[in-house]
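Below is the file run_34.txt, which contains compact mmCIF, C-alpha atoms (C1' of nucleotides).
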# COMPACT_ATOMS: atom_id res chain seq x y z
CA MET A 255 88.58 107.41 84.65
CA ASN A 256 90.22 105.27 82.04
CA VAL A 257 92.81 105.92 79.37
CA ARG A 258 90.13 106.37 76.71
CA THR A 259 88.74 109.44 78.48
CA LEU A 260 92.25 110.72 79.01
CA CYS A 261 92.98 110.49 75.28
CA LEU A 262 89.69 112.17 74.45
CA GLY A 263 90.63 115.03 76.72
CA ILE A 264 93.95 115.58 75.01
CA LEU A 265 92.39 115.26 71.58
CA ALA A 266 89.81 117.87 72.58
CA PHE A 267 92.67 120.39 72.58
CA GLU A 268 94.31 119.28 69.37
CA GLU A 269 94.68 116.49 66.86
CA ALA A 270 97.43 114.10 67.94
CA SER A 271 99.01 110.71 67.29
CA GLY A 272 99.48 108.02 69.91
CA TYR A 273 103.10 109.01 70.11
CA GLU A 274 102.22 112.65 70.74
CA ILE A 275 99.70 111.73 73.41
CA LYS A 276 102.41 109.75 75.16
CA LYS A 277 104.75 112.73 74.95
CA ALA A 278 102.08 115.03 76.37
CA VAL A 279 101.64 112.87 79.46
CA GLU A 280 105.38 112.24 79.78
CA ASP A 281 106.92 115.66 79.31
CA GLY A 282 104.26 118.10 78.22
CA MET A 283 101.32 120.03 79.60
CA PHE A 284 99.77 117.04 81.36
CA SER A 285 102.89 115.38 82.70
CA HIS A 286 102.62 116.29 86.36
CA PHE A 287 99.17 114.86 87.03
CA ILE A 288 98.57 112.15 84.42
CA GLU A 289 100.17 108.83 83.54
CA ALA A 290 99.60 106.46 80.62
CA SER A 291 101.67 103.98 78.65
CA TYR A 292 101.71 102.95 74.98
CA GLY A 293 100.21 99.67 76.04
CA SER A 294 97.03 101.46 77.02
CA ILE A 295 97.04 104.42 74.63
CA TYR A 296 97.13 102.51 71.34
CA PRO A 297 94.38 100.04 72.24
CA ALA A 298 92.29 102.97 73.53
CA LEU A 299 92.61 104.82 70.22
CA THR A 300 91.80 101.70 68.22
CA GLN A 301 88.73 101.01 70.29
CA MET A 302 87.50 104.59 70.17
CA LEU A 303 87.95 104.61 66.42
CA ALA A 304 85.68 101.57 66.22
CA ASP A 305 83.20 103.31 68.50
CA GLY A 306 83.22 106.48 66.39
CA LEU A 307 84.57 108.70 69.16
CA VAL A 308 87.64 109.64 67.12
CA SER A 309 88.64 109.71 63.45
CA VAL A 310 92.02 109.14 61.84
CA ARG A 311 93.93 110.95 59.14
CA GLU A 312 96.96 109.03 57.95
CA GLN A 313 99.75 111.47 57.35
CA VAL A 314 102.56 110.48 55.04
CA GLN A 315 105.49 112.56 56.27
CA GLU A 316 108.80 113.14 54.51
CA GLY A 317 111.68 111.71 56.46
CA LYS A 318 109.44 110.30 59.17
CA PRO A 319 107.31 107.21 59.67
CA LEU A 320 103.65 107.07 58.86
CA LYS A 321 101.69 109.06 61.37
CA LYS A 322 98.09 108.46 62.35
CA ALA A 323 96.66 111.77 63.41
CA TYR A 324 93.57 111.25 65.54
CA SER A 325 90.83 113.85 65.92
CA ILE A 326 87.90 113.88 68.29
CA THR A 327 84.44 113.58 66.73
CA GLU A 328 81.18 115.11 67.90
CA ALA A 329 80.27 111.80 69.54
CA GLY A 330 83.66 111.91 71.21
CA ARG A 331 83.06 115.38 72.63
CA LYS A 332 79.76 114.23 74.00
CA ALA A 333 81.35 111.19 75.63
CA LEU A 334 84.06 113.40 77.11
CA LYS A 335 81.51 115.81 78.54
CA ASN A 336 79.70 112.89 80.15
CA SER A 337 82.91 111.63 81.73
CA LEU A 338 83.71 115.10 82.99
CA HIS A 339 80.49 115.11 84.96
CA GLU A 340 81.25 111.91 86.83
CA LEU A 341 82.71 112.29 90.29
CA PRO A 342 86.49 112.15 89.96
CA GLN A 343 88.35 109.43 91.83
CA GLN A 344 90.70 110.41 94.62
CA ASP A 345 94.18 111.57 93.75
CA LYS A 346 96.80 108.87 93.69
CA PHE A 347 100.33 109.52 94.76
CA LYS A 348 103.03 106.87 94.94
CA SER A 349 106.59 107.67 95.89
CA GLU A 350 109.23 105.00 96.10
CA PHE A 351 111.65 107.71 97.11
CA LEU A 352 109.66 108.45 100.26
CA PHE A 353 109.34 104.73 100.92
CA GLN A 354 113.12 104.39 100.87
CA ALA A 355 113.53 107.54 102.93
CA LEU A 356 111.42 105.90 105.62
CA PHE A 357 114.18 103.35 106.15
CA ARG A 358 117.06 105.75 105.98
CA ASP A 359 118.81 104.14 108.94
CA GLN A 360 118.93 100.85 107.06
CA VAL A 361 120.45 102.05 103.81
CA ASP A 362 123.98 102.93 102.84
CA PRO A 363 124.46 106.73 103.26
CA LYS A 364 125.98 106.88 99.78
CA HIS A 365 122.82 105.36 98.36
CA LEU A 366 120.65 107.74 100.34
CA GLU A 367 122.60 110.70 99.02
CA ALA A 368 122.41 109.49 95.41
CA VAL A 369 118.69 108.86 95.69
CA PHE A 370 118.11 112.20 97.35
CA ASN A 371 119.98 114.07 94.61
CA GLU A 372 118.13 112.17 91.91
CA GLN A 373 114.84 113.14 93.51
CA MET A 374 115.92 116.77 93.55
CA ASP A 375 116.85 116.57 89.88
CA TYR A 376 113.50 115.00 89.09
CA LEU A 377 111.57 117.66 91.02
CA CYS A 378 113.53 120.50 89.45
CA GLY A 379 112.87 118.99 86.02
CA GLU A 380 109.15 118.88 86.76
CA LEU A 381 109.24 122.49 87.89
CA ALA A 382 111.07 123.52 84.72
CA THR A 383 108.46 121.78 82.57
CA ILE A 384 105.67 123.50 84.47
CA GLU A 385 107.30 126.89 84.12
CA GLU A 386 107.80 126.33 80.39
CA CYS A 387 104.12 125.56 79.96
CA ARG A 388 103.12 128.53 82.08
CA GLN A 389 104.03 130.93 79.27
CA SER A 390 101.81 129.33 76.66
CA VAL A 391 98.77 129.32 78.94
CA GLU A 392 96.14 132.02 78.99
CA PRO A 393 95.47 133.42 82.46
CA GLY A 394 92.19 132.40 84.07
CA SER A 395 91.88 129.19 82.05
CA GLY A 396 91.70 125.68 83.38
CA HIS A 397 95.23 125.20 82.18
CA ALA A 398 96.39 128.13 84.28
CA PHE A 399 94.78 126.71 87.42
CA VAL A 400 96.27 123.27 86.89
CA ASN A 401 99.66 124.73 86.05
CA GLY A 402 99.62 126.85 89.19
CA TYR A 403 98.62 123.84 91.29
CA GLY A 404 101.60 121.89 90.02
CA HIS A 405 103.88 124.84 90.57
CA ALA A 406 102.74 125.31 94.16
CA VAL A 407 103.10 121.64 95.07
CA VAL A 408 106.42 120.96 93.37
CA SER A 409 107.94 124.18 94.72
CA ALA A 410 106.90 123.21 98.23
CA ALA A 411 108.50 119.78 97.80
CA ILE A 412 111.77 121.28 96.55
CA GLN A 413 111.88 123.77 99.39
CA TYR A 414 111.24 121.08 101.99
CA MET A 415 113.90 118.84 100.49
CA GLU A 416 116.41 121.68 100.58
CA GLU A 417 115.61 122.46 104.19
CA SER A 418 115.94 118.80 105.16
CA ARG A 419 119.43 118.19 103.80
CA SER A 420 121.18 118.69 107.13
CA SER A 421 118.69 116.75 109.22
CA LEU A 422 119.25 113.77 106.92
CA GLY A 423 122.99 114.06 107.44
CA LEU A 424 123.64 114.95 103.83
CA PRO A 425 126.27 117.37 102.52
CA GLN A 426 125.05 120.77 101.39
CA LYS A 427 123.93 121.57 97.87
CA PRO A 428 126.39 120.04 95.40
CA ILE A 429 126.43 122.84 92.85
CA SER A 430 129.68 121.82 91.21
CA SER A 431 131.40 118.47 91.56
CA ASP A 432 134.40 119.72 93.59
CA ALA A 433 132.96 122.49 95.73
CA ALA A 434 132.97 120.44 98.95
CA GLU A 435 136.03 119.78 101.15
CA MET B 108 108.89 98.19 93.57
CA ASN B 109 106.11 95.71 94.03
CA VAL B 110 103.52 95.11 96.70
CA ARG B 111 105.63 92.38 98.29
CA THR B 112 108.38 94.85 99.14
CA LEU B 113 105.81 97.31 100.38
CA CYS B 114 104.36 94.72 102.77
CA LEU B 115 107.83 93.76 103.97
CA GLY B 116 108.48 97.41 104.75
CA ILE B 117 105.37 97.73 106.86
CA LEU B 118 106.04 94.42 108.61
CA ALA B 119 109.55 95.64 109.41
CA PHE B 120 107.94 98.12 111.77
CA GLU B 121 105.43 95.78 113.34
CA GLU B 122 103.57 92.54 113.01
CA ALA B 123 100.37 93.03 111.02
CA SER B 124 97.53 91.29 109.24
CA GLY B 125 96.57 91.89 105.63
CA TYR B 126 93.70 93.99 106.87
CA GLU B 127 96.00 96.13 109.01
CA ILE B 128 98.42 96.62 106.12
CA LYS B 129 95.54 97.85 104.00
CA LYS B 130 94.52 100.25 106.76
CA ALA B 131 98.08 101.55 107.04
CA VAL B 132 98.22 102.44 103.34
CA GLU B 133 94.66 103.76 103.35
CA ASP B 134 94.47 105.91 106.46
CA GLY B 135 97.61 105.46 108.50
CA MET B 136 101.27 106.42 108.46
CA PHE B 137 101.85 105.45 104.85
CA SER B 138 98.65 106.69 103.31
CA HIS B 139 99.90 109.80 101.54
CA PHE B 140 102.59 108.15 99.42
CA ILE B 141 101.62 104.51 99.03
CA GLU B 142 98.71 102.63 97.45
CA ALA B 143 97.79 98.95 97.50
CA SER B 144 94.60 96.92 97.37
CA TYR B 145 93.51 93.67 98.98
CA GLY B 146 93.82 92.05 95.60
CA SER B 147 97.55 92.53 95.72
CA ILE B 148 98.25 92.41 99.47
CA TYR B 149 96.83 88.98 100.22
CA PRO B 150 98.55 87.20 97.32
CA ALA B 151 101.79 88.97 98.26
CA LEU B 152 101.60 87.70 101.84
CA THR B 153 100.76 84.17 100.70
CA GLN B 154 103.68 84.14 98.31
CA MET B 155 106.13 85.56 100.80
CA LEU B 156 105.04 82.98 103.35
CA ALA B 157 105.90 80.27 100.83
CA ASP B 158 109.24 81.96 100.20
CA GLY B 159 110.03 82.18 103.90
CA LEU B 160 110.16 85.99 103.97
CA VAL B 161 107.37 86.20 106.53
CA SER B 162 105.83 83.92 109.15
CA VAL B 163 102.25 83.70 110.39
CA ARG B 164 100.72 83.46 113.79
CA GLU B 165 97.02 82.68 113.70
CA GLN B 166 95.29 84.66 116.37
CA VAL B 167 91.95 83.46 117.61
CA GLN B 168 90.24 86.61 118.84
CA GLU B 169 87.14 86.86 120.93
CA GLY B 170 84.32 88.54 119.13
CA LYS B 171 86.33 88.93 115.93
CA PRO B 172 87.25 86.80 112.94
CA LEU B 173 90.40 84.74 112.79
CA LYS B 174 93.38 87.00 112.30
CA LYS B 175 96.59 86.02 110.60
CA ALA B 176 99.34 88.11 112.12
CA TYR B 177 102.34 88.19 109.80
CA SER B 178 105.88 88.87 110.99
CA ILE B 179 108.98 89.51 108.94
CA THR B 180 111.72 86.87 109.12
CA GLU B 181 115.47 87.35 108.89
CA ALA B 182 115.33 86.36 105.22
CA GLY B 183 112.60 88.95 104.81
CA ARG B 184 114.72 91.70 106.34
CA LYS B 185 117.54 90.77 104.00
CA ALA B 186 115.23 90.89 100.98
CA LEU B 187 113.89 94.26 102.12
CA LYS B 188 117.39 95.67 102.50
CA ASN B 189 118.21 94.53 98.97
CA SER B 190 115.09 96.20 97.59
CA LEU B 191 115.92 99.39 99.47
CA HIS B 192 119.20 99.60 97.59
CA GLU B 193 117.64 99.49 94.16
CA LEU B 194 117.07 102.79 92.44
CA PRO B 195 113.53 103.95 93.22
CA GLN B 196 111.18 104.53 90.33
CA GLN B 197 109.93 108.01 89.67
CA ASP B 198 107.07 109.35 91.71
CA LYS B 199 103.65 108.83 90.23
CA PHE B 200 100.89 111.32 90.64
CA LYS B 201 97.46 111.02 89.07
CA SER B 202 94.71 113.52 89.69
CA GLU B 203 91.32 113.20 88.07
CA PHE B 204 90.36 116.38 89.87
CA LEU B 205 93.02 118.35 87.98
CA PHE B 206 91.98 116.63 84.76
CA GLN B 207 88.43 117.85 85.23
CA ALA B 208 89.65 121.30 86.27
CA LEU B 209 91.41 121.53 82.93
CA PHE B 210 88.02 121.55 81.21
CA ARG B 211 86.30 123.86 83.63
CA ASP B 212 84.65 125.83 80.81
CA GLN B 213 82.92 122.65 79.65
CA VAL B 214 81.43 121.52 82.94
CA ASP B 215 78.41 122.65 84.86
CA PRO B 216 79.50 125.25 87.48
CA LYS B 217 77.54 123.36 90.12
CA HIS B 218 79.55 120.26 89.34
CA LEU B 219 82.81 122.22 89.42
CA GLU B 220 81.95 123.64 92.81
CA ALA B 221 80.99 120.26 94.23
CA VAL B 222 84.16 118.67 92.91
CA PHE B 223 86.27 121.54 94.20
CA ASN B 224 84.80 121.28 97.68
CA GLU B 225 85.25 117.54 97.72
CA GLN B 226 88.89 117.99 96.78
CA MET B 227 89.32 120.45 99.62
CA ASP B 228 87.75 118.00 102.03
CA TYR B 229 90.02 115.26 100.79
CA LEU B 230 93.14 117.42 101.14
CA CYS B 231 92.17 118.60 104.61
CA GLY B 232 91.57 114.98 105.61
CA GLU B 233 95.03 114.04 104.38
CA LEU B 234 96.55 116.91 106.32
CA ALA B 235 94.70 115.86 109.47
CA THR B 236 96.01 112.30 109.12
CA ILE B 237 99.53 113.60 108.66
CA GLU B 238 99.30 115.85 111.68
CA GLU B 239 97.95 113.00 113.77
CA CYS B 240 100.91 110.84 112.83
CA ARG B 241 103.35 113.66 113.45
CA GLN B 242 102.91 113.28 117.21
CA SER B 243 103.85 109.62 117.35
CA VAL B 244 107.01 110.11 115.29
CA GLU B 245 110.44 110.66 116.79
CA PRO B 246 112.22 113.73 115.41
CA GLY B 247 115.09 113.12 113.02
CA SER B 248 113.77 109.70 111.92
CA GLY B 249 112.83 108.66 108.42
CA HIS B 250 109.23 108.85 109.51
CA ALA B 251 109.69 112.48 110.49
CA PHE B 252 111.16 113.37 107.12
CA VAL B 253 108.40 111.64 105.19
CA ASN B 254 105.76 113.13 107.42
CA GLY B 255 107.17 116.61 106.93
CA TYR B 256 107.29 116.09 103.18
CA GLY B 257 103.62 115.22 103.10
CA HIS B 258 102.77 118.14 105.33
CA ALA B 259 104.64 120.59 103.11
CA VAL B 260 103.07 119.36 99.90
CA VAL B 261 99.49 119.01 101.10
CA SER B 262 99.61 122.38 102.87
CA ALA B 263 100.81 124.02 99.67
CA ALA B 264 97.97 122.41 97.73
CA ILE B 265 95.37 123.57 100.23
CA GLN B 266 96.74 127.10 100.25
CA TYR B 267 96.75 127.26 96.45
CA MET B 268 93.21 125.94 96.27
CA GLU B 269 92.06 128.54 98.77
CA GLU B 270 93.71 131.34 96.82
CA SER B 271 92.18 130.13 93.55
CA ARG B 272 88.55 130.15 94.62
CA SER B 273 87.75 133.53 93.14
CA SER B 274 89.65 133.01 89.89
CA LEU B 275 87.57 129.87 89.30
CA GLY B 276 84.41 131.86 89.86
CA LEU B 277 83.52 129.96 93.00
CA PRO B 278 81.81 131.37 96.09
CA GLN B 279 84.01 131.94 99.12
CA LYS B 280 84.70 129.37 101.79
CA PRO B 281 81.43 127.68 102.75
CA ILE B 282 82.08 127.39 106.48
CA SER B 283 78.46 126.94 107.42
CA SER B 284 75.62 126.12 105.09
CA ASP B 285 73.91 129.53 105.28
CA ALA B 286 76.74 131.99 105.78
CA ALA B 287 76.62 133.39 102.26
CA GLU B 288 74.32 136.25 101.15
C1' DA C 117 62.79 90.94 117.22
C1' DT C 118 64.92 91.92 113.01
C1' DT C 119 66.75 94.87 109.85
C1' DG C 120 70.55 97.82 108.68
C1' DT C 121 75.11 99.66 109.29
C1' DT C 122 79.78 99.66 110.62
C1' DA C 123 84.05 97.38 111.76
C1' DT C 124 87.01 93.41 111.57
C1' DA C 125 88.93 89.94 108.61
C1' DT C 126 90.22 86.76 104.44
C1' DA C 127 89.91 85.86 99.71
C1' DT C 128 89.12 85.87 94.58
C1' DC C 129 88.70 87.63 89.79
C1' DA C 130 87.61 90.23 85.51
C1' DG C 131 89.32 93.87 83.54
C1' DT C 132 92.74 97.50 83.21
C1' DC C 133 97.15 99.15 82.86
C1' DC C 134 102.34 99.17 83.03
C1' DG C 135 106.93 98.04 81.49
C1' DA C 136 109.37 95.92 78.23
C1' DT C 137 110.10 94.69 73.87
C1' DA C 138 109.87 94.47 68.79
C1' DC C 139 109.87 96.62 64.50
C1' DA C 140 110.74 100.38 61.07
C1' DT C 141 112.59 104.93 59.07
C1' DC C 142 115.50 108.79 59.02
C1' DA C 143 119.04 112.29 60.89
C1' DC C 144 123.19 112.89 62.95
C1' DT C 145 127.45 111.63 64.98
C1' DT C 146 131.67 108.75 65.47
C1' DA D 63 129.87 101.64 58.56
C1' DA D 64 128.24 101.53 62.87
C1' DG D 65 126.02 103.56 66.61
C1' DT D 66 122.78 106.62 68.81
C1' DG D 67 118.60 109.07 69.19
C1' DA D 68 114.19 110.86 67.70
C1' DT D 69 109.87 109.65 65.52
C1' DG D 70 106.32 106.38 65.06
C1' DT D 71 103.07 101.97 65.56
C1' DA D 72 102.10 97.85 67.92
C1' DT D 73 101.78 93.79 71.20
C1' DC D 74 101.99 90.98 75.45
C1' DG D 75 103.02 88.92 80.03
C1' DG D 76 102.45 90.04 84.33
C1' DA D 77 101.08 93.22 88.00
C1' DC D 78 97.60 95.64 90.08
C1' DT D 79 92.91 97.77 90.91
C1' DG D 80 88.14 97.86 92.03
C1' DA D 81 84.46 95.24 92.98
C1' DT D 82 82.53 91.54 95.04
C1' DA D 83 81.74 87.43 98.16
C1' DT D 84 81.90 85.43 102.65
C1' DA D 85 81.74 85.48 107.70
C1' DT D 86 81.37 87.26 112.64
C1' DA D 87 80.02 90.61 115.97
C1' DA D 88 78.87 95.10 117.98
C1' DC D 89 75.56 98.74 117.77
C1' DA D 90 71.71 101.52 116.28
C1' DA D 91 67.15 101.93 114.64
C1' DT D 92 62.29 100.56 113.62

Let me see whether you can do it: turn the structure in this file into structure tokens.
Amino acid sequence: MNVRTLCLGILAFEEASGYEIKKAVEDGMFSHFIEASYGSIYPALTQMLADGLVSVREQVQEGKPLKKAYSITEAGRKALKNSLHELPQQDKFKSEFLFQALFRDQVDPKHLEAVFNEQMDYLCGELATIEECRQSVEPGSGHAFVNGYGHAVVSAAIQYMEESRSSLGLPQKPISSDAAE
Amino acid sequence: MNVRTLCLGILAFEEASGYEIKKAVEDGMFSHFIEASYGSIYPALTQMLADGLVSVREQVQEGKPLKKAYSITEAGRKALKNSLHELPQQDKFKSEFLFQALFRDQVDPKHLEAVFNEQMDYLCGELATIEECRQSVEPGSGHAFVNGYGHAVVSAAIQYMEESRSSLGLPQKPISSDAAE
DNA sequence: ATTGTTATATATCAGTCCGATACATCACTT
DNA sequence: AAGTGATGTATCGGACTGATATATAACAAT
């Protein structure tokens, strides 16, 4: 699946600009299972416009830059439906954190601790985003399933991390900066 | 982090060929949190050889093609250690399965079921790989932590998938081909 | 016998995508 | 008056993927 299909999928829910698509995959509804950069989103929109899969509406906004609001066309919906019936590629998961954790005996304990805490912050942030979205999702929908999947997985990761603190030789949960001692 | 560092990391554990590195990230110890293709592994090894980070030993094998066994050098270990002290990038997770699940009302139920079952197979395969590796890992090591992380996350995914069968309108667990009805 | 498949192994390349950067406008703070 | 941050479009070098080519040998099937 390429970025074009990804954009079509987001536009199938609502009209959006390139900037908004980027936000959706960075922080929004789609953030925990999709990635895409400006360098692929903008060319994808341009190309799909040429192919008639999307249409633009240039919005002149007060106090903000020009915004190109893209909408999916009928041809676009058809193309999306086709893509949805292809066999999906395998999930891809890359974690540099886990890679570093593999060599924990070769890194400075201070670094390990910093990296560990950053990972916890990241995971908790993901969980917060997922829980935010959970409210605006109707039960039984595809959104609900995907949201629940993310919640299950990220929760499990957080719990495992928490349980592993001692076995990694790290100090317990640093709730406030001067609780230890 | 680039593929060069990734290869160095694997070579820090044991001498390996490009083919074996690919296997390690595809099926082995590293498979659930690392990705790399031949198209990046072989150039990485060639370049690192030129830079003196690895050395080769050409093995003439009986009944098999020539094998170039790469080993990490002292300079390579130093370079790896440096890389390990950089801040890791955020985890990346992409799931086309979840993307398709998002549009479950727009896809053929047969397709949804097939895709769902394939995802289950994939996840169970991952779990099996992780459990295989678990045996050959010494407790308390970085390997053990990473292995446990994978186990926690994949187990959670499988459990959630299992619980969601009915809410997606799918038939129950197809253990054998003619158990239903 | 010979065709096909699977496993081992190296290597390349078109196309895709990321990460960084540039540019521009406005709100808000310092 | 300067700096920061959010909104917004756009491009590009370089990294990486996915597919393909090449080669050898074991093994199964026809």

Worksheet item: Which is closest to DT122 in chain C among D:DC74, D:DA88, D:DA83, D:DG67, if we use all atoms listed in the file?
Response: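 Comparing D:DC74, D:DA88, D:DA83, D:DG67 against DT122 in chain C, the winner is D:DA88.
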
Practice prompt. Select all residues from chain B having any atom no more than 8 Å from an atom of chain D (counting only C-alpha atoms (C1' of nucleotides), ignoring ligands), output as a count of residues only.
Written response: 6

Response to the item:
In Å and to one decimal, CA of Arg211 in chain B is distant from CA of Gln266 in chain B by 19.9 Å

Worksheet item: Which value, in Å to one decimal, gives the distance between CA of Ser337 in chain A and CA of Val214 in chain B?
Response: 10.1 Å

Practice prompt. In the coordinates of the file, take the point (104.3, 126.2, 83.9) and a cut-off of 9 Å; then, counting all atoms listed in the file, name each qualifying protein, DNA or RNA residue as a list in words.
Written response: Met283, Leu381, Ala382, Thr383, Ile384, Glu385, Glu386, Cys387, Arg388, Gln389, Ser390, Val391, Ala398, Asn401, Gly402, Gly404 and His405 of chain A

Write the selection just made, keeping C-alpha atoms, as a PDB file, in the frame of the given file?
ATOM      1  CA  MET A 283     101.320 120.030  79.600  1.00  0.00           C
ATOM      2  CA  LEU A 381     109.240 122.490  87.890  1.00  0.00           C
ATOM      3  CA  ALA A 382     111.070 123.520  84.720  1.00  0.00           C
ATOM      4  CA  THR A 383     108.460 121.780  82.570  1.00  0.00           C
ATOM      5  CA  ILE A 384     105.670 123.500  84.470  1.00  0.00           C
ATOM      6  CA  GLU A 385     107.300 126.890  84.120  1.00  0.00           C
ATOM      7  CA  GLU A 386     107.800 126.330  80.390  1.00  0.00           C
ATOM      8  CA  CYS A 387     104.120 125.560  79.960  1.00  0.00           C
ATOM      9  CA  ARG A 388     103.120 128.530  82.080  1.00  0.00           C
ATOM     10  CA  GLN A 389     104.030 130.930  79.270  1.00  0.00           C
ATOM     11  CA  SER A 390     101.810 129.330  76.660  1.00  0.00           C
ATOM     12  CA  VAL A 391      98.770 129.320  78.940  1.00  0.00           C
ATOM     13  CA  ALA A 398      96.390 128.130  84.280  1.00  0.00           C
ATOM     14  CA  ASN A 401      99.660 124.730  86.050  1.00  0.00           C
ATOM     15  CA  GLY A 402      99.620 126.850  89.190  1.00  0.00           C
ATOM     16  CA  GLY A 404     101.600 121.890  90.020  1.00  0.00           C
ATOM     17  CA  HIS A 405     103.880 124.840  90.570  1.00  0.00           C
TER      18      HIS A 405
END

Give as a PDB file with C-alpha atoms, in the frame of the given file every residue of chain B that touches chain C within 10 Å, counting only C-alpha atoms (C1' of nucleotides).
ATOM      1  CA  SER B 124      97.530  91.290 109.240  1.00  0.00           C
ATOM      2  CA  GLY B 125      96.570  91.890 105.630  1.00  0.00           C
ATOM      3  CA  TYR B 126      93.700  93.990 106.870  1.00  0.00           C
ATOM      4  CA  GLU B 127      96.000  96.130 109.010  1.00  0.00           C
ATOM      5  CA  TYR B 145      93.510  93.670  98.980  1.00  0.00           C
ATOM      6  CA  GLY B 146      93.820  92.050  95.600  1.00  0.00           C
ATOM      7  CA  TYR B 149      96.830  88.980 100.220  1.00  0.00           C
ATOM      8  CA  PRO B 150      98.550  87.200  97.320  1.00  0.00           C
ATOM      9  CA  GLY B 170      84.320  88.540 119.130  1.00  0.00           C
ATOM     10  CA  LYS B 171      86.330  88.930 115.930  1.00  0.00           C
ATOM     11  CA  PRO B 172      87.250  86.800 112.940  1.00  0.00           C
ATOM     12  CA  LEU B 173      90.400  84.740 112.790  1.00  0.00           C
ATOM     13  CA  LYS B 174      93.380  87.000 112.300  1.00  0.00           C
ATOM     14  CA  LYS B 175      96.590  86.020 110.600  1.00  0.00           C
TER      15      LYS B 175
END
